[in-house]
$ cat start.txt   # compact mmCIF, C-alpha atoms and all ligand atoms
# COMPACT_ATOMS: atom_id res chain seq x y z
CA MET A 976 9.67 -2.26 -10.33
CA TRP A 977 10.51 1.00 -12.12
CA VAL A 978 9.90 2.47 -15.56
CA TYR A 979 11.84 5.46 -16.90
CA GLU A 980 10.04 8.50 -18.34
CA LYS A 981 12.00 10.55 -20.84
CA LYS A 982 11.37 13.94 -19.26
CA LEU A 983 12.40 15.89 -16.18
CA GLU A 984 9.97 16.45 -13.33
CA TYR A 985 10.52 20.20 -13.76
CA PRO A 986 12.39 21.96 -16.60
CA VAL A 987 16.12 22.76 -16.34
CA ARG A 988 17.42 25.10 -19.08
CA ILE A 989 20.66 26.79 -18.03
CA LYS A 990 22.15 29.02 -20.74
CA THR A 991 25.32 30.24 -18.95
CA PRO A 992 27.85 27.74 -17.55
CA ASN A 993 29.03 28.40 -14.00
CA PRO A 994 31.46 25.73 -12.74
CA LYS A 995 31.77 27.34 -9.31
CA MET A 996 28.03 26.91 -8.75
CA ALA A 997 28.25 23.34 -10.09
CA LYS A 998 30.86 22.54 -7.45
CA TYR A 999 28.35 23.47 -4.75
CA ILE A 1000 25.19 21.99 -6.30
CA ILE A 1001 26.84 18.54 -6.76
CA SER A 1002 26.27 18.15 -3.01
CA GLN A 1003 22.56 17.62 -3.64
CA TYR A 1004 23.53 14.81 -6.03
CA GLY A 1005 25.78 12.77 -3.76
CA GLY A 1006 26.23 14.73 -0.53
CA PRO A 1007 24.99 14.03 3.02
CA ASP A 1008 21.55 15.58 2.49
CA GLY A 1009 21.38 14.91 -1.24
CA GLU A 1010 18.78 13.27 -3.43
CA LEU A 1011 20.61 9.93 -3.81
CA ALA A 1012 20.75 9.51 -0.02
CA ALA A 1013 17.09 10.53 0.24
CA SER A 1014 15.95 8.01 -2.36
CA LEU A 1015 17.97 5.09 -0.97
CA ARG A 1016 16.83 5.92 2.57
CA TYR A 1017 13.11 5.86 1.77
CA LEU A 1018 13.22 2.96 -0.67
CA SER A 1019 15.11 0.87 1.91
CA GLN A 1020 12.97 1.86 4.89
CA ARG A 1021 9.66 1.12 3.12
CA PHE A 1022 10.08 -2.65 3.60
CA SER A 1023 9.59 -2.32 7.37
CA MET A 1024 6.72 0.20 7.37
CA PRO A 1025 3.60 -1.05 9.21
CA THR A 1026 0.73 0.74 7.39
CA ASN A 1027 -0.25 1.10 3.75
CA GLU A 1028 -0.14 4.90 3.99
CA ALA A 1029 3.47 4.68 5.21
CA LYS A 1030 4.46 2.12 2.56
CA GLY A 1031 2.89 4.27 -0.15
CA ILE A 1032 4.55 7.49 0.99
CA LEU A 1033 8.02 5.96 1.41
CA ASN A 1034 7.71 4.19 -1.96
CA ASP A 1035 6.47 7.23 -3.84
CA ILE A 1036 8.69 9.89 -2.23
CA GLY A 1037 11.67 7.55 -2.70
CA THR A 1038 10.69 7.44 -6.37
CA GLU A 1039 10.28 11.22 -6.67
CA GLU A 1040 13.75 11.69 -5.13
CA LEU A 1041 15.18 9.77 -8.11
CA ALA A 1042 13.54 12.35 -10.38
CA HIS A 1043 15.20 15.06 -8.25
CA LEU A 1044 18.55 13.27 -8.56
CA GLU A 1045 18.13 13.51 -12.33
CA MET A 1046 17.29 17.23 -12.11
CA VAL A 1047 20.35 17.97 -9.96
CA GLY A 1048 22.57 15.96 -12.32
CA THR A 1049 21.12 17.95 -15.22
CA ILE A 1050 21.85 21.26 -13.47
CA VAL A 1051 25.48 20.28 -12.80
CA HIS A 1052 25.86 18.97 -16.36
CA GLN A 1053 24.54 22.19 -17.89
CA LEU A 1054 26.67 24.35 -15.58
CA THR A 1055 29.89 22.60 -16.66
CA ARG A 1056 29.12 21.62 -20.26
CA GLY A 1057 31.93 22.70 -22.60
CA VAL A 1058 33.90 24.51 -19.87
CA PRO A 1059 37.67 24.15 -20.54
CA ALA A 1060 39.96 22.49 -17.97
CA ASP A 1061 41.73 25.71 -16.93
CA VAL A 1062 38.41 27.44 -16.19
CA LEU A 1063 37.24 24.44 -14.15
CA GLU A 1064 40.55 24.58 -12.29
CA ARG A 1065 40.09 28.26 -11.41
CA ALA A 1066 36.56 27.47 -10.14
CA GLY A 1067 37.97 24.89 -7.72
CA LEU A 1068 37.13 21.87 -9.89
CA GLY A 1069 40.73 20.92 -10.80
CA ALA A 1070 40.67 17.85 -8.58
CA TYR A 1071 37.20 16.91 -9.85
CA TYR A 1072 38.35 17.28 -13.46
CA THR A 1073 41.37 15.06 -12.76
CA ASP A 1074 39.23 12.13 -11.66
CA HIS A 1075 35.94 12.70 -13.51
CA ASP A 1076 36.51 15.09 -16.45
CA HIS A 1077 33.02 16.53 -17.25
CA ALA A 1078 31.20 13.48 -15.90
CA ILE A 1079 28.68 13.51 -13.06
CA TYR A 1080 29.98 11.77 -9.93
CA PRO A 1081 28.04 11.46 -6.64
CA MET A 1082 29.97 13.41 -4.00
CA SER A 1083 29.56 16.27 -1.56
CA ALA A 1084 30.53 19.91 -2.22
CA ALA A 1085 33.69 19.26 -0.20
CA GLY A 1086 34.61 16.24 -2.37
CA THR A 1087 33.60 13.31 -0.13
CA PRO A 1088 32.36 10.45 -2.34
CA PHE A 1089 28.80 9.27 -1.71
CA THR A 1090 28.45 6.82 1.16
CA ALA A 1091 25.51 4.80 2.51
CA ALA A 1092 26.67 5.96 5.94
CA TYR A 1093 24.54 9.07 5.22
CA ILE A 1094 21.38 7.03 5.76
CA GLN A 1095 19.77 4.74 8.31
CA SER A 1096 17.21 1.99 7.96
CA LYS A 1097 16.38 1.01 11.49
CA GLY A 1098 13.44 -1.40 11.28
CA ASP A 1099 11.67 0.84 13.78
CA PRO A 1100 9.11 2.96 11.91
CA ILE A 1101 9.03 5.73 14.52
CA ALA A 1102 12.82 6.11 14.44
CA ASP A 1103 12.89 5.94 10.63
CA LEU A 1104 10.13 8.52 10.14
CA HIS A 1105 11.84 10.95 12.51
CA GLU A 1106 15.02 10.57 10.46
CA ASP A 1107 12.98 11.25 7.32
CA LEU A 1108 11.46 14.43 8.76
CA ALA A 1109 14.95 15.66 9.69
CA ALA A 1110 16.32 14.68 6.27
CA GLU A 1111 13.69 16.79 4.49
CA GLN A 1112 14.51 19.81 6.66
CA LYS A 1113 18.25 19.38 6.03
CA ALA A 1114 17.65 19.14 2.29
CA ARG A 1115 15.44 22.26 2.42
CA ALA A 1116 18.17 24.16 4.31
CA THR A 1117 20.81 23.04 1.77
CA TYR A 1118 18.67 24.28 -1.14
CA GLU A 1119 18.27 27.61 0.65
CA ASN A 1120 22.07 27.87 1.03
CA LEU A 1121 22.47 27.09 -2.67
CA ILE A 1122 19.85 29.69 -3.64
CA ASN A 1123 21.79 32.24 -1.52
CA LEU A 1124 24.98 31.37 -3.42
CA ALA A 1125 23.34 31.54 -6.88
CA ASP A 1126 22.61 34.63 -8.97
CA ASP A 1127 21.39 33.14 -12.27
CA PRO A 1128 17.56 32.90 -12.44
CA ASP A 1129 17.93 29.79 -14.69
CA VAL A 1130 19.65 28.07 -11.74
CA ILE A 1131 17.55 29.55 -8.95
CA ASP A 1132 14.23 28.51 -10.55
CA PRO A 1133 14.74 24.70 -10.44
CA LEU A 1134 16.43 25.02 -7.02
CA ARG A 1135 13.29 26.76 -5.73
CA PHE A 1136 11.15 23.96 -7.12
CA LEU A 1137 13.33 21.34 -5.41
CA ARG A 1138 13.21 23.28 -2.13
CA GLU A 1139 9.43 23.40 -2.25
CA ARG A 1140 9.22 19.65 -2.79
CA GLU A 1141 11.22 19.12 0.44
CA VAL A 1142 8.58 21.15 2.27
CA VAL A 1143 5.79 19.00 0.79
CA HIS A 1144 7.66 15.79 1.65
CA PHE A 1145 8.11 16.99 5.24
CA GLN A 1146 4.36 17.61 5.47
CA ARG A 1147 3.51 14.12 4.16
CA PHE A 1148 6.03 12.43 6.48
CA GLY A 1149 4.46 14.29 9.41
CA GLU A 1150 1.05 12.91 8.44
CA VAL A 1151 2.46 9.39 8.09
CA LEU A 1152 4.15 9.64 11.50
CA ARG A 1153 0.79 10.42 13.09
CA ILE A 1154 -0.94 7.57 11.25
CA VAL A 1155 1.77 5.13 12.36
CA GLN A 1156 1.71 6.38 15.96
CA ASP A 1157 -2.08 5.91 16.08
CA LYS A 1158 -1.75 2.39 14.71
CA LEU A 1159 0.96 1.42 17.19
CA ALA A 1160 -1.03 2.94 20.07
CA GLU A 1161 -3.81 0.40 19.38
CA LYS A 1162 -1.50 -2.37 20.56
CA PRO A 1163 -1.00 -3.31 24.20
CA TYR A 1164 2.78 -3.00 24.11
CA TYR A 1165 4.97 0.10 23.69
CA VAL A 1166 6.42 1.37 20.42
CA LYS A 1167 7.32 -1.95 18.84
CA LYS A 1168 7.49 -5.49 20.11
CA PRO A 1169 11.20 -6.26 20.35
CA ASP A 1170 12.35 -9.33 18.45
CA CYS A 1171 13.69 -10.83 21.70
CA MET A 1172 10.07 -11.14 22.89
CA ASN A 1173 9.18 -13.15 19.82
CA PRO A 1174 8.70 -16.85 20.77
CA VAL A 1175 10.84 -17.88 17.80
CA PHE A 1176 13.89 -16.51 19.60
CA LYS A 1177 13.07 -18.26 22.90
CA ARG A 1178 13.36 -21.73 21.45
CA MET B 872 -3.58 -12.67 -3.42
CA ASN B 873 -6.06 -15.10 -4.96
CA PRO B 874 -4.75 -17.63 -7.53
CA ASN B 875 -6.53 -15.94 -10.48
CA GLN B 876 -4.97 -12.59 -9.64
CA ALA B 877 -1.54 -14.17 -9.20
CA LYS B 878 -1.88 -15.92 -12.57
CA LEU B 879 -2.88 -12.75 -14.45
CA LEU B 880 -0.15 -10.75 -12.69
CA LYS B 881 2.41 -13.30 -13.85
CA GLU B 882 1.20 -12.84 -17.43
CA VAL B 883 1.53 -9.06 -17.10
CA MET B 884 5.05 -9.51 -15.70
CA ALA B 885 6.05 -11.81 -18.55
CA ALA B 886 4.64 -9.43 -21.18
CA ASP B 887 6.41 -6.45 -19.59
CA PHE B 888 9.70 -8.34 -19.30
CA THR B 889 9.56 -9.16 -23.00
CA LEU B 890 9.38 -5.41 -23.64
CA ILE B 891 12.31 -4.70 -21.30
CA ASP B 892 14.50 -7.18 -23.16
CA LEU B 893 13.44 -6.07 -26.66
CA ASN B 894 13.97 -2.45 -25.59
CA LEU B 895 17.62 -3.15 -24.73
CA TYR B 896 18.17 -5.10 -27.96
CA LEU B 897 16.63 -2.33 -30.09
CA ASN B 898 18.78 0.34 -28.41
CA THR B 899 21.78 -1.26 -30.12
CA HIS B 900 19.91 -2.47 -33.25
CA PRO B 901 17.65 0.49 -34.08
CA TYR B 902 17.21 -0.56 -37.76
CA ASP B 903 15.99 -4.12 -37.09
CA GLN B 904 12.56 -3.77 -38.63
CA ASN B 905 11.36 -7.31 -37.79
CA THR B 906 12.13 -6.83 -34.11
CA ILE B 907 10.39 -3.46 -34.15
CA ILE B 908 7.25 -5.16 -35.50
CA LEU B 909 7.58 -7.78 -32.75
CA PHE B 910 8.07 -5.02 -30.16
CA ASN B 911 4.95 -3.18 -31.28
CA ASN B 912 2.85 -6.35 -31.11
CA CYS B 913 4.21 -7.19 -27.67
CA ALA B 914 3.59 -3.62 -26.47
CA GLN B 915 -0.03 -3.86 -27.57
CA ARG B 916 -0.49 -7.24 -25.86
CA ALA B 917 1.15 -5.94 -22.66
CA ARG B 918 -1.18 -2.94 -22.62
CA MET B 919 -4.23 -5.22 -23.03
CA LEU B 920 -3.14 -7.50 -20.19
CA ARG B 921 -2.36 -4.51 -17.99
CA ASN B 922 -5.78 -2.93 -18.62
CA GLU B 923 -7.48 -6.22 -17.81
CA TYR B 924 -5.45 -6.65 -14.60
CA GLU B 925 -6.12 -3.10 -13.43
CA ARG B 926 -9.84 -3.39 -14.17
CA LEU B 927 -10.08 -6.49 -11.97
CA TYR B 928 -7.52 -5.88 -9.24
CA GLY B 929 -6.63 -2.18 -9.04
CA PRO B 930 -3.78 0.08 -10.17
CA LEU B 931 -0.29 -1.11 -11.15
CA THR B 932 0.95 2.49 -11.25
CA ALA B 933 -0.26 5.45 -9.24
CA GLN B 934 -0.26 7.99 -12.05
CA ASN B 935 -1.11 6.10 -15.23
CA SER B 936 -4.19 4.44 -13.76
CA THR B 937 -7.54 5.77 -12.66
CA THR B 938 -8.99 4.84 -9.29
CA LYS B 939 -12.21 4.72 -7.33
CA CYS B 940 -12.63 6.19 -3.84
CA PRO B 941 -10.98 5.46 -1.48
CA TRP B 942 -7.62 5.84 -3.27
CA GLN B 943 -6.72 2.26 -4.30
CA TRP B 944 -2.99 2.71 -4.86
CA ILE B 945 -1.82 2.08 -1.31
CA ASN B 946 -3.76 -1.19 -0.90
CA SER B 947 -1.93 -4.38 0.08
CA PRO B 948 -0.29 -6.52 -1.05
CA TRP B 949 2.81 -4.54 -1.99
CA PRO B 950 5.24 -6.48 -4.20
CA TRP B 951 7.59 -7.33 -1.32
CA GLU B 952 4.84 -8.78 0.87
FE FE C 1201 12.60 15.17 -0.43
$ encode --input "start.txt" --output "C-alpha cells"
Amino acid sequence: MWVYEKKLEYPVRIKTPNPKMAKYIISQYGGPDGELAASLRYLSQRFSMPTNEAKGILNDIGTEELAHLEMVGTIVHQLTRGVPADVLERAGLGAYYTDHDHAIYPMSAAGTPFTAAYIQSKGDPIADLHEDLAAEQKARATYENLINLADDPDVIDPLRFLREREVVHFQRFGEVLRIVQDKLAEKPYYVKKPDCMNPVFKR
Amino acid sequence: MNPNQAKLLKEVMAADFTLIDLNLYLNTHPYDQNTIILFNNCAQRARMLRNEYERLYGPLTAQNSTTKCPWQWINSPWPWE
C-alpha cells in the first residue's frame, strides 16, 4: 500500500507565471511519455516480474514516478496560477481554460487526454523491461525538449532534476534486464514457457 | 509466510487502517479533541507494532526502516504473492 508524504521530491518554486510553458510541460503529466503513464506501466508490470530485484525496481520506480507526477503538476500549477483567461487564451490555453479553468488535467501538449493505450503490460518480463528502457529514454528526450523551450531558471532547475532521474531509472532497468536474462537462461526452455505448454491448458 | 508472521502483520494492518480512517474523519472534523486523543494513542500503538514486526521479519518500507546486509527490502513475499 501507499502512504503520502507532505513534501515534493525536489523543490519547485516558480515566481513568474508562464502559461505557454505550462501548455508544453503538461505533456509530462498526462502525455505519451509522461509520469502518469510511467507510474501505471511499472506498477502494473511488477506483478509478473520473476525476480525480487525486478519486483523491487518496478515497485520503487513506479512509486518515484508518482512523486514526479506531483512535481510536474506543481510546475504547471505555479506557471498558470492567477493568470487571467485572456492571457491563457493568447498562450494557446483557451481550449484548456474552457474545459478545465486553472485545474490540472492529464493530457498531452497537443491536448489528447491521458489514455492507458500509452502503456503495455505484457506478462513477458523481457518484453516489458525493453519497453521500460525505451520509456525512460523517451521521457529523457521530452525533458530535454522542454528545457530547450524554457528560459526561466526556476523552471529549468526541476526539469533538469527530472531528466536526471530518467537517466538513473534507465541504468537500473538495464541492470534488472541483465539479472532477469541470467535467471531465465538457467532454465532449459527459451525466454518464457508459453501458457499453452502448461498442463492445465491441455486438460 | 509463517503463521506468527501472518498474525502480527494482520495486527499491523488493522492498526494502520484505524489511522487511515481516523485521518479522513479528522480532515473534516479538525477540532474534535477526543478523536485527536484517540488518533494519537492509535498512532503510538501502530508504531510499536510496526517496530516489533520489522525487528522480527524485516522492513515494511524501504526508506523508513534500517536493514542488515544483504539489503532486505526486496525479499519475498511481496504483498501480491
Ligand atoms: Fe522515470
$ closest_residue --input "start.txt" --among "A:Leu1033, A:Leu1152, A:Leu1068, A:Ala1109" --to "chain B" --atoms "all atoms listed in the file"
A:Leu1033
$ residues_around --input "start.txt" --residues "Leu897 in chain B" --least-positions-apart "4" --cutoff "12 Å" --atoms "all atoms listed in the file" --output "list in words"
Leu890, Ile891, Asp892, Leu893, Pro901, Tyr902, Asp903, Gln904, Asn905, Thr906, Ile907, Ile908, Leu909, Phe910 and Asn911 of chain B
$ interface_residues --input "start.txt" --of "chain B" --to "chain A" --cutoff "7 Å" --atoms "all atoms listed in the file" --output "list in words"
Ile945, Asn946 and Ser947 of chain B
$ closest_residue --input "start.txt" --among "A:Thr1055, A:Gln1003, A:Gln1020, A:Thr1090" --to "ligand FE 1201 (chain C)" --atoms "all atoms listed in the file"
A:Gln1003
$ residues_near_ligand --input "start.txt" --ligand "ligand FE 1201 (chain C)" --cutoff "7 Å" --atoms "only C-alpha atoms and all ligand atoms" --output "VMD selection string"
chain A and resid 1013 1036 1040 1111 1114 1140 to 1141 1144
$ atom_distance --input "start.txt" --atom1 "CA of Gly1048 in chain A" --atom2 "CA of Tyr1004 in chain A"
6.5 Å
$ atom_distance --input "start.txt" --atom1 "CA of Asp1107 in chain A" --atom2 "CA of Gly1005 in chain A"
17.0 Å
$ atom_distance --input "start.txt" --atom1 "CA of Pro992 in chain A" --atom2 "CA of Gln1053 in chain A"
6.5 Å
$ closest_residue --input "start.txt" --among "A:Ala1012, A:Ile1079, A:Ala1066, A:Ile1001" --to "Ala1092 in chain A" --atoms "only C-alpha atoms"
A:Ala1012
$ residues_near_point --input "start.txt" --point "(2.7, 4.2, 9.2)" --cutoff "9 Å" --atoms "only C-alpha atoms" --output "list in words"
Met1024, Pro1025, Thr1026, Asn1027, Glu1028, Ala1029, Lys1030, Pro1100, Ile1101, Leu1104, Glu1150, Val1151, Leu1152, Arg1153, Ile1154, Val1155, Gln1156, Asp1157, Lys1158 and Leu1159 of chain A
$ closest_residue --input "start.txt" --among "A:Lys990, A:Gly1067, A:Arg1016, A:Lys995" --to "Ala1091 in chain A" --atoms "all atoms listed in the file"
A:Arg1016
$ residues_around --input "start.txt" --residues "range 914-918 of chain B" --least-positions-apart "6" --cutoff "8 Å" --atoms "all atoms listed in the file" --output "number ranges by chain"
B: 883, 886-887, 890
$ closest_residue --input "start.txt" --among "B:Asn912, B:Gln943, B:Asn894, B:Asn873" --to "Glu925 in chain B" --atoms "all atoms listed in the file"
B:Gln943
$ axis_aligned_box --input "start.txt" --around "range 923-938 of chain B" --padding-each-side "6 Å" --output "JSON"
{"center_x": -4.6, "center_y": 0.7, "center_z": -13.4, "size_x": 23.0, "size_y": 26.6, "size_z": 20.8}
$ residues_around --input "start.txt" --residues "Asp1129 in chain A" --least-positions-apart "2" --cutoff "7 Å" --atoms "all atoms listed in the file" --output "list in words"
Arg988, Ile989, Asp1127, Ile1131 and Asp1132 of chain A
$ residues_around --input "start.txt" --residues "range 1133-1137 of chain A" --least-positions-apart "2" --cutoff "12 Å" --atoms "only C-alpha atoms" --output "PyMOL selection string"
chain A and resi 983-989+996+1000+1003+1009-1010+1039-1040+1042-1051+1111+1114-1131+1139-1144
$ closest_residue --input "start.txt" --among "B:Cys913, B:Ala877, B:Met872, B:Met919" --to "Thr889 in chain B" --atoms "all atoms listed in the file"
B:Cys913
